[in-house]
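Heads up: the structure comes next, in C-alpha cells.
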Amino acid sequence: MRNRWAILAILFVVRLTIAFQFQSVAAVAPLLEKTFGVGLADIGILIGLYFTPGVVLALPGGAIGRTLGDKPTTIAALLLMTAGSLVMATTDIWGLQLTGRLVSGAGGVLLTVQLTKMGTDWFAGKEIATAMAIFVNSWPAGVAISLLVLPAIGTAYGAGAVFAATGALSAIGVALIMLYQPPPSVTVSAAGSGRLDPLALLAVIVAGLIWGLYNVGFAMIFSFGPSLLAERGWSISAAGSAISVVMWLSVISVPAGGYLADRFKRPFTLAIAASLVVAALLAWLTRSDGVITILVLIGLIGGHPAGPIMSLAARVLVPETRAIGMGVFYTLFYGAMMLGPAVAGWLAKSAGTAAVALDLGALTVLACPPLMWLFERIVSVRVRRAKS
C-alpha cells in the first residue's frame, strides 16, 4: 500500500481508538460516581491518569519507535490499551480502575507518538496542514462516537461493558495496523543522527505547549460538559448527546481549517482568530442557557486551529529527528493533559460546580495565541542563523 491518502485513512481509524478509550470515563462519569462512590475530583484524576504516562514515556517512546520500527511499536501499544481496558472491565475496586487506566494510557502514549511520526513521514512537504487536520480529526470523531454509544452501553449493561467495548476496538486496531507500510525515502534516511539543534528543540517545546493547552481547553468540554449539564437537570444520555454535537461538527471544522491553512497560506492568522473565539465561547457556555447554540459554534470554529498547530513541529523536524522530536512534542502535550483535568476536577469540587472547569479551559485556550507568536519568532531566528 503506497497511496499516502489510504495510509492516512488507516492511521485515522487506529488513532480513533485512543479517543474512544480516553472518553470512556467522562462519557459515563455520573455512572462511575454512583458505582464506586467517588466524586468529581476522583473522576478528574481518573481522566487525567490516561495522560500521566506521557510525561515519562513520550520522549523514550520516540526512541523506542526508532529502534523497534513503526509496526511493532504500534502493535505493542494497542495490546497495552486492550489489556488496560480489560482490567477496568473486570474489577470493582477503584484502585484497580486507576491501574487499568494507567496501563491503557501507556499504550495510548506510545501509539500517539508513533502514529503522528508515521503520518508526518508520508506528508512532510505535501499538504501537511490538511493531512494533519484529517489525522487529528480522528480524536473528535472517536469522542463523538463514544459520547453517543458508551452512555447507552453503560446504562444498559454497566461500566464494565463500557470498558470491554473500548478494549475490543483497540484489538481491532491491531489488525488494521498490519496494513501499514512506511514510505521508502524515510526507511533510508531515518538511519542518520537524531539530534535536535537548540532552536529546533525550543520550537518543538513551544509547539507542544500550544497543542497541550489548546487540548486542555477543548477537553474541558467533553470531560466536564456532561457533568455541567447534569447539574442543570439533564439526563446522562441527553448530556452526552448534546456535548457530542461539538465533536461531530469538529469532524467538519478540523479538516476545513487544515484546507484553509494550506490554501491561503495564513495558518497563524486562522489559528489565533479561532482560538480567541473559542475562549470566549467557553466562558459564555457556563453563563448562558443557550447551550446548544454555543456548542454548535464551538464545534464549527474550534477545530480550525488543529491542523495548523499539529503541522508546527514538521517545520523544524527532518526524518532523522522526527521520532525524537515528536517525543518532545508529546511530552509537553501529555504534561498539560495530565494536569488539566486533575486541576479542573479539584477546582470543580472546591467550587461545587463543573462550570469552573470550563472557565479554566477558556484561560488555557487564551494562552495559545501568545505562544504561537513566540514559535514564529524562534523559527525566524533559526532561519536567519541558517542563512548566515
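Residues in the C-alpha cells are numbered from 1 in each chain, the chains being A, B, ... in the order shown, and ligands are numbered from 1 in the order shown.
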Open item on the list: I need the alpha helix (DSSP H) residues of range 123-264 of chain A per DSSP on the backbone, written as a PyMOL selection string.
Closed with: chain A and resi 123+128-136+138-157+159-177+184-189+198-231+236-264
Dump of C-alpha atoms for the selected residues, as an mmCIF file, in the first residue's frame:
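Full text of again-v3.cif as output:
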```cif
data_model
loop_
_atom_site.group_PDB
_atom_site.id
_atom_site.type_symbol
_atom_site.label_atom_id
_atom_site.label_comp_id
_atom_site.auth_asym_id
_atom_site.auth_seq_id
_atom_site.Cartn_x
_atom_site.Cartn_y
_atom_site.Cartn_z
ATOM 1 C CA PHE A 123 3.032 14.109 4.261
ATOM 2 C CA ILE A 128 0.857 18.769 5.658
ATOM 3 C CA ALA A 129 -1.740 21.021 7.352
ATOM 4 C CA THR A 130 -4.599 19.272 5.552
ATOM 5 C CA ALA A 131 -3.221 15.817 6.336
ATOM 6 C CA MET A 132 -2.570 16.634 9.985
ATOM 7 C CA ALA A 133 -6.046 18.155 10.277
ATOM 8 C CA ILE A 134 -7.608 14.953 8.961
ATOM 9 C CA PHE A 135 -5.334 12.900 11.211
ATOM 10 C CA VAL A 136 -6.258 14.986 14.279
ATOM 11 C CA SER A 138 -9.833 11.115 14.484
ATOM 12 C CA TRP A 139 -9.930 12.488 18.029
ATOM 13 C CA PRO A 140 -13.270 14.359 17.852
ATOM 14 C CA ALA A 141 -14.665 11.522 15.763
ATOM 15 C CA GLY A 142 -13.717 8.970 18.416
ATOM 16 C CA VAL A 143 -15.001 11.171 21.228
ATOM 17 C CA ALA A 144 -18.289 11.837 19.444
ATOM 18 C CA ILE A 145 -18.852 8.138 18.800
ATOM 19 C CA SER A 146 -18.085 7.333 22.431
ATOM 20 C CA LEU A 147 -20.492 10.006 23.685
ATOM 21 C CA LEU A 148 -23.276 8.513 21.619
ATOM 22 C CA VAL A 149 -22.528 4.830 22.180
ATOM 23 C CA LEU A 150 -20.932 4.416 25.604
ATOM 24 C CA PRO A 151 -23.605 6.089 27.800
ATOM 25 C CA ALA A 152 -26.203 3.750 26.283
ATOM 26 C CA ILE A 153 -23.976 0.722 26.872
ATOM 27 C CA GLY A 154 -23.240 1.849 30.427
ATOM 28 C CA THR A 155 -26.891 2.478 31.253
ATOM 29 C CA ALA A 156 -27.935 -0.917 29.886
ATOM 30 C CA TYR A 157 -25.030 -3.142 30.964
ATOM 31 C CA ALA A 159 -19.439 0.369 33.479
ATOM 32 C CA GLY A 160 -17.656 -2.947 32.864
ATOM 33 C CA ALA A 161 -19.305 -3.316 29.458
ATOM 34 C CA VAL A 162 -18.162 0.186 28.533
ATOM 35 C CA PHE A 163 -14.516 -0.661 29.149
ATOM 36 C CA ALA A 164 -14.884 -4.032 27.417
ATOM 37 C CA ALA A 165 -16.099 -2.181 24.315
ATOM 38 C CA THR A 166 -13.026 0.067 24.322
ATOM 39 C CA GLY A 167 -10.758 -2.972 24.613
ATOM 40 C CA ALA A 168 -12.457 -4.678 21.680
ATOM 41 C CA LEU A 169 -11.944 -1.613 19.490
ATOM 42 C CA SER A 170 -8.243 -1.464 20.399
ATOM 43 C CA ALA A 171 -7.874 -5.113 19.418
ATOM 44 C CA ILE A 172 -9.409 -4.342 16.016
ATOM 45 C CA GLY A 173 -6.732 -1.661 15.604
ATOM 46 C CA VAL A 174 -4.043 -4.360 15.664
ATOM 47 C CA ALA A 175 -5.495 -5.923 12.519
ATOM 48 C CA LEU A 176 -5.690 -2.566 10.765
ATOM 49 C CA ILE A 177 -2.106 -1.539 11.509
ATOM 50 C CA PRO A 184 10.732 4.218 1.065
ATOM 51 C CA SER A 185 12.531 7.566 1.426
ATOM 52 C CA VAL A 186 12.024 7.582 5.201
ATOM 53 C CA THR A 187 13.201 3.978 5.534
ATOM 54 C CA VAL A 188 16.512 5.018 4.032
ATOM 55 C CA SER A 189 17.040 8.450 5.638
ATOM 56 C CA PRO A 198 18.842 24.024 20.256
ATOM 57 C CA LEU A 199 16.431 26.306 18.374
ATOM 58 C CA ALA A 200 14.608 23.367 16.813
ATOM 59 C CA LEU A 201 14.256 21.836 20.277
ATOM 60 C CA LEU A 202 12.916 25.110 21.699
ATOM 61 C CA ALA A 203 10.467 25.441 18.814
ATOM 62 C CA VAL A 204 9.177 21.891 19.332
ATOM 63 C CA ILE A 205 8.759 22.573 23.085
ATOM 64 C CA VAL A 206 6.669 25.670 22.369
ATOM 65 C CA ALA A 207 4.634 23.784 19.753
ATOM 66 C CA GLY A 208 3.947 21.024 22.291
ATOM 67 C CA LEU A 209 2.810 23.592 24.859
ATOM 68 C CA ILE A 210 0.433 25.150 22.343
ATOM 69 C CA TRP A 211 -1.082 21.795 21.435
ATOM 70 C CA GLY A 212 -1.332 20.777 25.085
ATOM 71 C CA LEU A 213 -3.007 23.976 26.279
ATOM 72 C CA TYR A 214 -5.441 24.085 23.376
ATOM 73 C CA ASN A 215 -6.447 20.491 24.006
ATOM 74 C CA VAL A 216 -6.871 21.128 27.736
ATOM 75 C CA GLY A 217 -9.413 23.790 26.841
ATOM 76 C CA PHE A 218 -11.189 21.520 24.390
ATOM 77 C CA ALA A 219 -11.060 18.580 26.807
ATOM 78 C CA MET A 220 -12.958 20.570 29.416
ATOM 79 C CA ILE A 221 -15.986 20.485 27.118
ATOM 80 C CA PHE A 222 -16.282 16.721 26.822
ATOM 81 C CA SER A 223 -14.705 15.879 30.193
ATOM 82 C CA PHE A 224 -16.833 18.156 32.377
ATOM 83 C CA GLY A 225 -19.542 19.311 29.969
ATOM 84 C CA PRO A 226 -21.750 16.268 30.681
ATOM 85 C CA SER A 227 -21.443 16.904 34.435
ATOM 86 C CA LEU A 228 -22.265 20.595 33.941
ATOM 87 C CA LEU A 229 -25.437 19.732 32.060
ATOM 88 C CA ALA A 230 -26.303 17.040 34.617
ATOM 89 C CA GLU A 231 -26.155 19.779 37.282
ATOM 90 C CA ILE A 236 -26.728 11.393 31.279
ATOM 91 C CA SER A 237 -27.758 10.328 27.761
ATOM 92 C CA ALA A 238 -29.107 13.762 26.828
ATOM 93 C CA ALA A 239 -25.999 15.482 28.199
ATOM 94 C CA GLY A 240 -23.702 13.140 26.274
ATOM 95 C CA SER A 241 -25.641 13.652 23.059
ATOM 96 C CA ALA A 242 -25.549 17.445 23.448
ATOM 97 C CA ILE A 243 -21.810 17.550 24.087
ATOM 98 C CA SER A 244 -21.233 15.200 21.153
ATOM 99 C CA VAL A 245 -22.522 17.991 18.873
ATOM 100 C CA VAL A 246 -19.159 19.718 19.340
ATOM 101 C CA MET A 247 -17.271 16.617 18.280
ATOM 102 C CA TRP A 248 -19.439 15.852 15.267
ATOM 103 C CA LEU A 249 -19.112 19.398 13.967
ATOM 104 C CA SER A 250 -15.375 19.253 14.628
ATOM 105 C CA VAL A 251 -15.245 16.401 12.138
ATOM 106 C CA ILE A 252 -16.070 19.107 9.585
ATOM 107 C CA SER A 253 -14.243 22.103 11.053
ATOM 108 C CA VAL A 254 -10.882 20.384 11.677
ATOM 109 C CA PRO A 255 -10.176 19.387 8.043
ATOM 110 C CA ALA A 256 -11.743 22.643 6.864
ATOM 111 C CA GLY A 257 -9.207 24.536 8.978
ATOM 112 C CA GLY A 258 -6.337 22.480 7.562
ATOM 113 C CA TYR A 259 -7.507 23.061 3.995
ATOM 114 C CA LEU A 260 -7.895 26.809 4.534
ATOM 115 C CA ALA A 261 -4.433 26.983 6.101
ATOM 116 C CA ASP A 262 -2.844 25.239 3.097
ATOM 117 C CA ARG A 263 -5.000 27.127 0.578
ATOM 118 C CA PHE A 264 -4.431 30.692 1.811
#
```
- [ ] Give me the residues within 12 Å of Ala344 in chain A as a PyMOL selection string, counting only C-alpha atoms and dropping any in the same chain fewer than 3 places off.
- [x] chain A and resi 40-45+47-48+216-217+219-221+223-225+336-341+347-364
Open item on the list: Could you check the closest approach to Asp121 in chain A for each of A:Ser380, A:Thr321, A:Ser235, A:Thr90 and tell me which residue wins, using only C-alpha atoms?
Closed with: A:Thr321
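Using only C-alpha atoms, the nearest neighbour of Trp122 in chain A within the list A:Arg266, A:Arg382, A:Arg4, A:Arg322 is A:Arg4.
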Open item on the list: Would you compute the distance between CA of Pro183 in chain A and CA of Gly54 in chain A? Give it in Å to one decimal.
Closed with: 26.8 Å
Task: Between CA of Asp197 in chain A and CA of Lys265 in chain A - distance in Å to one decimal - done: 26.3 Å
TODO: Provide the CA of Gly84 in chain A to CA of Leu102 in chain A distance in Å, to one decimal place.
DONE: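 Distance between the two atoms: 7.3 Å.
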Open item on the list: List the spatial neighbours of Pro60 in chain A as JSON, numbers by chain - criterion: any atom at most 12 Å away, only C-alpha atoms, same-chain residues fewer than 2 positions off excluded.
Closed with: {"A": [53, 54, 55, 56, 57, 58, 62, 63, 64, 65, 66, 67, 68, 73, 106, 109, 110, 113, 114, 323, 324, 325, 326, 327, 328, 329, 330, 331]}
Serialized selection, N, CA, C and O atoms, as a compact mmCIF listing (two decimals), in the first residue's frame:
```txt
# COMPACT_ATOMS: atom_id res chain seq x y z
N PRO A 53 1.23 8.68 31.88
CA PRO A 53 2.41 8.01 31.34
C PRO A 53 3.12 8.82 30.26
O PRO A 53 4.31 8.63 30.01
N GLY A 54 2.40 9.74 29.63
CA GLY A 54 3.01 10.53 28.57
C GLY A 54 4.16 11.38 29.04
O GLY A 54 5.09 11.66 28.26
N VAL A 55 4.11 11.80 30.30
CA VAL A 55 5.16 12.67 30.82
C VAL A 55 6.50 11.95 30.84
O VAL A 55 7.56 12.54 30.62
N VAL A 56 6.48 10.64 31.08
CA VAL A 56 7.73 9.87 31.15
C VAL A 56 7.95 8.97 29.93
O VAL A 56 9.07 8.55 29.68
N LEU A 57 6.88 8.67 29.18
CA LEU A 57 7.01 7.72 28.07
C LEU A 57 7.09 8.37 26.69
O LEU A 57 7.56 7.74 25.74
N ALA A 58 6.60 9.61 26.55
CA ALA A 58 6.55 10.21 25.21
C ALA A 58 7.94 10.35 24.61
O ALA A 58 8.17 10.00 23.45
N GLY A 62 9.49 7.91 21.41
CA GLY A 62 10.05 8.21 20.11
C GLY A 62 11.27 7.38 19.82
O GLY A 62 11.45 6.85 18.71
N ALA A 63 12.13 7.21 20.84
CA ALA A 63 13.34 6.39 20.68
C ALA A 63 12.98 4.92 20.49
O ALA A 63 13.62 4.20 19.71
N ILE A 64 11.95 4.46 21.23
CA ILE A 64 11.51 3.07 21.09
C ILE A 64 11.04 2.80 19.66
O ILE A 64 11.39 1.79 19.04
N GLY A 65 10.24 3.72 19.15
CA GLY A 65 9.75 3.56 17.78
C GLY A 65 10.87 3.57 16.77
O GLY A 65 10.86 2.83 15.78
N ARG A 66 11.88 4.42 17.02
CA ARG A 66 13.03 4.49 16.11
C ARG A 66 13.82 3.18 16.13
O ARG A 66 14.36 2.75 15.11
N THR A 67 13.89 2.55 17.31
CA THR A 67 14.67 1.32 17.46
C THR A 67 13.91 0.08 16.96
O THR A 67 14.46 -0.72 16.20
N LEU A 68 12.65 -0.06 17.37
CA LEU A 68 11.88 -1.26 17.04
C LEU A 68 11.19 -1.19 15.69
O LEU A 68 10.91 -2.23 15.09
N THR A 73 6.02 -1.28 17.24
CA THR A 73 5.72 -0.36 18.33
C THR A 73 4.23 -0.08 18.43
O THR A 73 3.66 -0.08 19.53
N ALA A 106 -0.52 4.25 28.95
CA ALA A 106 0.83 3.96 28.45
C ALA A 106 0.77 3.52 26.99
O ALA A 106 1.58 3.95 26.16
N VAL A 109 -0.06 6.55 24.80
CA VAL A 109 1.10 7.43 24.60
C VAL A 109 1.96 6.92 23.46
O VAL A 109 2.30 7.64 22.51
N LEU A 110 2.37 5.65 23.56
CA LEU A 110 3.23 5.08 22.53
C LEU A 110 2.57 5.14 21.15
O LEU A 110 3.21 5.44 20.14
N VAL A 113 2.41 8.97 19.76
CA VAL A 113 3.71 9.45 19.27
C VAL A 113 4.06 8.78 17.95
O VAL A 113 4.47 9.43 16.98
N GLN A 114 3.88 7.47 17.88
CA GLN A 114 4.28 6.74 16.69
C GLN A 114 3.39 7.05 15.50
O GLN A 114 3.88 7.22 14.37
N ALA A 323 11.37 11.26 15.01
CA ALA A 323 10.92 10.40 16.11
C ALA A 323 11.17 11.05 17.46
O ALA A 323 10.28 11.14 18.30
N ILE A 324 12.40 11.55 17.68
CA ILE A 324 12.71 12.16 18.97
C ILE A 324 11.97 13.49 19.11
O ILE A 324 11.54 13.85 20.21
N GLY A 325 11.81 14.22 18.01
CA GLY A 325 11.10 15.50 18.06
C GLY A 325 9.65 15.32 18.45
O GLY A 325 9.10 16.08 19.26
N MET A 326 9.00 14.30 17.90
CA MET A 326 7.61 14.02 18.27
C MET A 326 7.52 13.57 19.73
O MET A 326 6.53 13.83 20.41
N GLY A 327 8.56 12.90 20.21
CA GLY A 327 8.58 12.53 21.62
C GLY A 327 8.59 13.75 22.52
O GLY A 327 7.87 13.82 23.53
N VAL A 328 9.42 14.75 22.17
CA VAL A 328 9.46 16.00 22.93
C VAL A 328 8.11 16.72 22.86
O VAL A 328 7.57 17.18 23.87
N PHE A 329 7.57 16.81 21.64
CA PHE A 329 6.28 17.47 21.41
C PHE A 329 5.20 16.88 22.32
O PHE A 329 4.47 17.61 23.00
N TYR A 330 5.13 15.56 22.34
CA TYR A 330 4.07 14.92 23.12
C TYR A 330 4.36 14.87 24.61
O TYR A 330 3.43 14.72 25.41
N THR A 331 5.61 15.00 25.01
CA THR A 331 5.89 15.11 26.44
C THR A 331 5.22 16.35 27.01
O THR A 331 4.59 16.31 28.07
```
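For Val103 in chain A, the set of protein, DNA and RNA residues having any atom at most 8 Å away, when counting only C-alpha atoms and skipping those fewer than 6 positions along the same chain, is A:Leu80, A:Met81, A:Ala83, A:Gly84.
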Taking C-alpha atoms for each residue, export the selection above as a PDB file, in the first residue's frame.
```pdb
ATOM      1  CA  LEU A  80      -1.384  -2.361  26.187  1.00  0.00           C
ATOM      2  CA  MET A  81      -4.563  -0.391  25.533  1.00  0.00           C
ATOM      3  CA  ALA A  83      -5.067  -5.024  28.455  1.00  0.00           C
ATOM      4  CA  GLY A  84      -5.828  -1.843  30.418  1.00  0.00           C
TER       5      GLY A  84
END
```
TODO: Tell me which of A:Pro370, A:Gly299, A:Pro30, A:Gly119 sits closest to Ser311 in chain A, counting only C-alpha atoms.
DONE: A:Gly119
